[in-house]
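Scroll down for the structure; my scribbles are underneath it.
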4 protein chains.
Amino acid sequence: MKHKLPTPLRGVITAMVTPLDQNLNLDPKGLERLIEHLIEGGVHGIFILGTTGEAPNLPYNVRSALIQQSCEIAGSRVPVIVGITDTSYQDALRMAAKAHECGAAAVVAAPPYYFQVGQADLLQYFKRLAADSPLPVFLYNAPLNTHLWLEVATAIEAAAEPNIVGLKDSGLNMGYFHAVREGVRSLPDFSLLVGPDDLLAEAVLVGAHGGMAGGSNVRPRLFVELYEAAVAQDVRRVTALHEQVIQFDNAVYRSADDPHNPLRGLKAALSILGICSAALTPPLRPISNGERERIQQYLRGVDLSVVSHS
Amino acid sequence: MKHKLPTPLRGVITAMVTPLDQNLNLDPKGLERLIEHLIEGGVHGIFILGTTGEAPNLPYNVRSALIQQSCEIAGSRVPVIVGITDTSYQDALRMAAKAHECGAAAVVAAPPYYFQVGQADLLQYFKRLAADSPLPVFLYNAPLNTHLWLEVATAIEAAAEPNIVGLKDSGLNMGYFHAVREGVRSLPDFSLLVGPDDLLAEAVLVGAHGGMAGGSNVRPRLFVELYEAAVAQDVRRVTALHEQVIQFDNAVYRSADDPHNPLRGLKAALSILGICSAALTPPLRPISNGERERIQQYLRGVDLSVVSHS
Amino acid sequence: MKHKLPTPLRGVITAMVTPLDQNLNLDPKGLERLIEHLIEGGVHGIFILGTTGEAPNLPYNVRSALIQQSCEIAGSRVPVIVGITDTSYQDALRMAAKAHECGAAAVVAAPPYYFQVGQADLLQYFKRLAADSPLPVFLYNAPLNTHLWLEVATAIEAAAEPNIVGLKDSGLNMGYFHAVREGVRSLPDFSLLVGPDDLLAEAVLVGAHGGMAGGSNVRPRLFVELYEAAVAQDVRRVTALHEQVIQFDNAVYRSADDPHNPLRGLKAALSILGICSAALTPPLRPISNGERERIQQYLRGVDLSVVSHS
Amino acid sequence: MKHKLPTPLRGVITAMVTPLDQNLNLDPKGLERLIEHLIEGGVHGIFILGTTGEAPNLPYNVRSALIQQSCEIAGSRVPVIVGITDTSYQDALRMAAKAHECGAAAVVAAPPYYFQVGQADLLQYFKRLAADSPLPVFLYNAPLNTHLWLEVATAIEAAAEPNIVGLKDSGLNMGYFHAVREGVRSLPDFSLLVGPDDLLAEAVLVGAHGGMAGGSNVRPRLFVELYEAAVAQDVRRVTALHEQVIQFDNAVYRSADDPHNPLRGLKAALSILGICSAALTPPLRPISNGERERIQQYLRGVDLSVVSHS
């Protein structure tokens with residue numbers, strides 16, 4: 001059912017991983033366990049089909065099924081936001097229509113990323129998409145994956161479009177985020193969300209509305225509490241929880257012998273918790289047994305505050 | 001009808017643009033005019049759905065229609081090679097199956113490019129694809145678009161796979177190409193083709209089998225004659241024709257006020273010749289009138305050696 | 001005279017611009033005015049010969065003169081820290097010896113940056129420098145200029161060297177900074193300082209010792225007050241002052257028609273204030289009159305809290 | 001003594017390594033052996049203080065001594081060209097003056113590379129340098145090290161300056177080289193030289209004047225013969241010699257376990273031949289014994305055509 005988008009969108013919106021079976025089909029049981037785990041953990045929304053969701057690597061039938069089933073499972077409990085990471089504009093619109101039809105609250109759109117284009121091209125692209133999309137659009141700044149920066153001036157100009165309602169910034173550079181935030185000060189409903197786990201604390205302390213931390217797949221409660229402490233301007237508590245986030249990142253993302261793709265650790269952690277399998281889309285490959293062992297040790301040492309599902 | 005792949009594949013294999021109408025659907029008349037123009041011009045094969053073909057930006061229904069119609073039009077006259085530039089492995093296989101079913105001779109596969117991965121990941125990816133693909137596979141090194149380099153050692157190891165039959169190198173660095181060529185010296189059937197127009201002359205002079213010059217969409221005869229002169233080791237003629245290629249590139253690719261994407265000039269030139277429209281997929285945008293005028297002036301000054309189609 | 005380095009070094013350490021005359025020689029009067037402006041503004045230290053100081057572009061005689069005169073002017077009032085941005089190891093040591101002889105408190109060393117090298121090379125380089133330097137060494141992570149990242153593990157391992165006393169991180173990615181901070185938790189004297197103006201607030205809130213904000217050349221009081229508010233965990237005041245910093249950055253750094261090098265706006269602002277000329281080392285060029293006018297307007301609107309020097 | 005610069009400069013101009021002793025001082029005996037080895041091998045000029053010469057990593061006293069002694073040893077036999085890779089304009093001019101005073105024929109100048117600057121900045125820089133330099137200036141396009149591209153239009157406009165006499169292109173992209181060459185067609189005295197070993201053959205075949213192959217430090221005769229075959233348009237001989245060059249590159253440059261810096265293999269090969277030591281400037285480090293052994297095996301298998309100096 002349709003969930004109305006809060007304006008601005010606030011809180012911890014989990015950039016959800018996509019549970020797959022060994023044949024790379026959607027795992028409906030895993031999906032259900034994961035969404036229940038997140039809602040129990042108190043997250044304020046679910047962002048499916050983003051970078052953490054391996055969206056570009058999923059075939060279109062899996063993407064469609066994921067949109068449908070996620071919206072059904074979440075129901076009216078939390079808003080579902082759908083990532084648009086297509087290289088084809090027409091296929092992007094097709095996914096936006098599917099998201100709308102299934103009751104998602106908004107889309108988060110990255111620009112097509114095979115071709116290098118200029119800022120004027122990006123601006124025109126987002127204006128066209130905003131006009132054509134049946135759902136409100138978040139700008140998705142994901143330069144590590146798209147190799148395209150949505151520059152400060154471009155983001156500010158795009159933010160003035162009626163159907164563009166927010167920014168999800170995964171650019172790692174908080175100076176960029178601050179500059180955009182200053183530039184949209186006159187738009188109080190425009191949502192400002194950061195991507196990475198390790199920037200959630202400071203972003204909310206200085207004025208962001210929330211974040212899409214991937215780590216909240218595994219530890220939703222930790223990120224929700226961190227968000228709440230930051231909203232309450234309780235710096236002492238923020239720094240204590242932020243420290244736990246850094247330890248999580250070091251254990252789960254950086255434990256890899258091979259540094260490629262933090263997502264591999266995330267799926268390993270979820271499979272250790274019995275929530276879903278560690279299966280990944282090619283060319284991504286599972287982590288080694290040694291790395292998995294290190295993640296397992298880390299998980300044993302922390303209080304997940306929600307019952308693990310095995 | 002099915003066209004058997006020559007081993008090695010030699011000559012000028014046009015990296016074909018995709019003729020579109022203003023609604024971004026495939027333009028079947030334009031496609032027919034273009035393929036006839038190429039075959040009249042003497043090209044040795046047609047490579048559809050590559051970078052020049054805007055493949056990643058086309059929706060899947062257009063990609064399928066293009067494969068079908070191109071194979072039908074070309075028939076047994078020249079082999080059709082199909083680009084695989086998907087971010088999803090399963091969708092890539094779906095396109096390979098479609099290409100096989102329509103009678104294409106081979107696929108040219110770029111790796112999924114949303115995620116940065118390592119060389120071991122790339123190698124395993126291509127091995128799996130070679131095993132699963134119903135058609136022979138060319139490696140597609142396209143680092144300017146994919147931001148992934150298929151390193152020399154990786155390319156050489158992949159070349160030993162039974163169903164991997166060649167390399168299309170669009171990396172611009174001829175030193176890389178020479179190093180791979182030296183590494184596959186023991187595989188006389190392995191095809192070595194360069195991407196860019198301006199490297200065709202030297203590549204063939206020192207031993208490549210041919211190239212996939214985008215400029216041959218507009219001037220097929222020029223590139224075919226250049227190829228033949230290089231095969232004949234007629235350096236004087238090669239340098240004269242190569243100079244014309246550089247002038248073509250400067251006029252058509254580099255005339256842009258805005259440097260993004262050489263393909264824009266190529267489609268403008270084809271629309272000036274009455275072959276197909278200049279319509280481009282978003283976020284690419286047509287060139288300005290001033291740029292178009294400069295291309296028109298260039299085309300007036302050259303002998304296209306084939307009748308223009310208006 | 002020699003100034004002992006506080007451990008850890010805390011507060012606002014201005015990354016000082018280098019006042020030059022029109023012949024690109026050091027301007028001693030401008031230097032004196034600038035240092036007095038900074039000390040009046042309450043900064044806790046002065047970092048000369050960094051990126052903001054155009055260090056690599058200065059000839060060696062100017063670098064030597066700057067070290068000598070800065071140390072003389074500052075005297076025992078604030079510590080002077082000297083940047084080492086040489087491409088030659090032996091010349092770097094020569095500058096470290098000069099800094100030591102003049103009474104500087106420490107050096108901040110970037111690795112030689114003409115050649116790409118690996119992490120093992122960087123680690124060994126810093127170990128050797130730490131052993132050979134007569135002054136304590138800060139690691140200088142400046143990837144936007146050096147195109148070399150001192151990776152998290154490398155920084156942590158280097159931090160264990162006896163004569164390596166801190167990190168100045170200008171990498172823009174606070175996640176990196178947090179990861180290093182977590183990794184050196186057992187070294188309470190190791191100084192953690194951020195480079196960019198717009199990251200000072202959040203860095204100190206979550207535990208950094210201070211920053212080297214370039215904007216404090218113009219507005220030392222603003223940055224000192226921001227630092228103090230962050231130490232006091234007064235989030236409301238931090239966000240208000242942080243907003244002023246972002247406005248400063250937008251006005252002075254981002255007002256450029258041509259985006260290259262924020263330093264150009266900084267020197268223009270200082271010349272508007274009558275502190276020193278806007279002369280820059282080649283190939284850097286002064287900003288346009290229009291940009292200068294915009295900076296002037298900005299400066300008219302703010303309370304500099306210290307008397308301007310004309 | 002002064003050597004007049006041929007216009008255009010043609011042939012194989014060795015990008016010479018800098019022989020050092022274990023204390024990183026210039027090794028005068030090694031320098032003499034190396035220059036005699038090159039002249040015996042028939043090279044047409046010597047390029048000192050380039051990337052292969054580790055120029056930026058050498059302290060200024062070593063750079064000065066190298067200029068002086070190289071000019072003395074070479075005498076009037078071959079022209080000496082001096083690289084200018086300084087980050088300081090004034091130090092660059094000081095090196096140009098030293099080169100002039102010692103009788104060098106020209107300088108090859110890279111732009112200062114610590115700061116990212118735009119094309120207009122680069123153009124103005126080279127114009128100023130051309131006006132101030134006592135020696136003719138070659139543009140040095142070395143983007144892998146400087147991270148600055150001298151774009152086609154910039155290079156062409158700079159080429160029109162009276163004291164700018166040529167281009168040394170180490171950008172690896174022959175398309176760039178062809179485009180500049182086409183753009184300076186009206187300047188028959190403008191020298192066009194390529195950097196990398198593996199591009200010499202094709203560059204000269206299609207019209208370049210020569211190259212600055214680093215491999216000619218070890219095998220001057222091979223590169224001179226390759227150059228002569230290319231000038232004679234003897235494609236069969238060119239391809240046979242070019243193949244030897246690729247084998248050389250694979251053995252000496254690519255044998256490294258750690259890929260950083262091909263120069264390491266070059267110095268190892270020269271030390272195996274007894275010409276000079278393998279000592280390298282920090283942070284570069286010598287290759288492993290295993291790599292050295294592989295280079296030794298390669299050298300045993302080839303006919304160096306000149307007596308080795310042990």
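As shown in the structure tokens, the chain order sets the letters A, B, ...; within each chain, residues go from 1, and ligands are also counted from 1 in the order they appear.
Residue list for chain C within 8 Å of chain A: C:Leu172, C:Asn173, C:Met174, C:Gly175, C:His178, C:Ala179, C:Glu182, C:Asp198, C:Leu199, C:Glu202, C:Leu205, C:Val206, C:Gly207, C:Gln233, C:Val235, C:Val238, C:Thr239, C:Glu243, C:Ile246, C:Gln247, C:Asn250, counting only C-alpha atoms.
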Give me a file of those residues, with C-alpha atoms, as a short mmCIF file (atom, residue, chain, number, x, y, z; two decimals), in the first residue's frame.
data_model
loop_
_atom_site.label_atom_id
_atom_site.label_comp_id
_atom_site.auth_asym_id
_atom_site.auth_seq_id
_atom_site.Cartn_x
_atom_site.Cartn_y
_atom_site.Cartn_z
CA LEU C 172 38.21 15.62 2.57
CA ASN C 173 36.92 12.17 3.56
CA MET C 174 36.02 12.22 7.25
CA GLY C 175 35.48 8.46 7.18
CA HIS C 178 37.65 8.52 11.80
CA ALA C 179 39.24 5.20 10.85
CA GLU C 182 40.15 4.74 15.92
CA ASP C 198 34.41 23.15 6.51
CA LEU C 199 35.31 20.00 8.43
CA GLU C 202 32.49 18.14 13.11
CA LEU C 205 32.95 17.58 17.99
CA VAL C 206 33.71 13.91 17.52
CA GLY C 207 37.24 14.01 18.90
CA GLN C 233 30.18 20.60 22.98
CA VAL C 235 26.21 22.23 19.37
CA VAL C 238 28.90 25.24 16.65
CA THR C 239 26.21 25.03 13.99
CA GLU C 243 27.21 28.10 8.93
CA ILE C 246 30.31 27.62 4.90
CA GLN C 247 29.25 31.10 3.82
CA ASN C 250 31.17 29.85 -0.70
#
Tell me which protein, DNA and RNA residues are within 10 Å of Leu49 (chain A), counting only C-alpha atoms, leaving out same-chain ones fewer than 2 positions away, and put them as a ChimeraX atom specification. /A:15-18,46-47,51-58,63,66-67,81-85,107-108
Could you pull out the strand (DSSP E or B) residues of region 138-278 of chain A, going by DSSP on the backbone, and write them as an NGL selection string? :A and (138-141 or 164-169 or 173 or 191-194 or 210-211)
Please extract the residues of region 57-290 of chain D with a backbone DSSP assignment of alpha helix (DSSP H) and present them as a PyMOL selection string. chain D and resi 60-74+89-102+119-132+143-146+152-159+174-183+200-205+220-231+235-248+263-272+289-290
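Note that CA of Phe115 (chain D) and CA of Ala269 (chain C) are 20.0 Å apart.
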Give me the residues near Lys168 (chain C) as a ChimeraX atom specification, where near means some atom within 9 Å (using only C-alpha atoms) and where sequence neighbours in that chain fewer than 2 positions away do not count. /C:108,138-142,166,170,191-195,211-212
Save the residues we just selected, C-alpha atoms, as a tab-separated table (two decimals), in the first residue's frame?
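Wrote it out as selection_21.tsv, contents follow:
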chain	number	residue	atom	x	y	z
C	108	VAL	CA	54.42	18.41	8.38
C	138	PHE	CA	53.38	15.16	11.20
C	139	LEU	CA	52.09	13.00	8.36
C	140	TYR	CA	50.51	15.16	5.67
C	141	ASN	CA	47.75	13.39	3.77
C	142	ALA	CA	47.12	15.65	0.76
C	166	GLY	CA	50.51	13.57	14.34
C	170	SER	CA	43.44	17.17	3.91
C	191	SER	CA	47.75	14.82	17.19
C	192	LEU	CA	44.82	14.52	14.81
C	193	LEU	CA	44.21	17.65	12.76
C	194	VAL	CA	41.95	18.17	9.75
C	195	GLY	CA	42.77	20.39	6.84
C	211	GLY	CA	42.43	21.88	12.37
C	212	MET	CA	44.51	23.89	9.95
Excluding Ala160 (chain D) and its own-chain neighbours fewer than 6 positions away, which residues fall within 12 Å of it when counting only C-alpha atoms? Please give them as a list of chain:residue names.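 Those residues are D:Leu123, D:Phe126, D:Lys127, D:Ala130, D:Val137, D:Leu139, D:Ala153, D:Thr154, D:Gly166, D:Leu167, D:Gly183, D:Val184, D:Arg185, D:Ser186, D:Leu187, D:Pro188, D:Asp189, D:Phe190.
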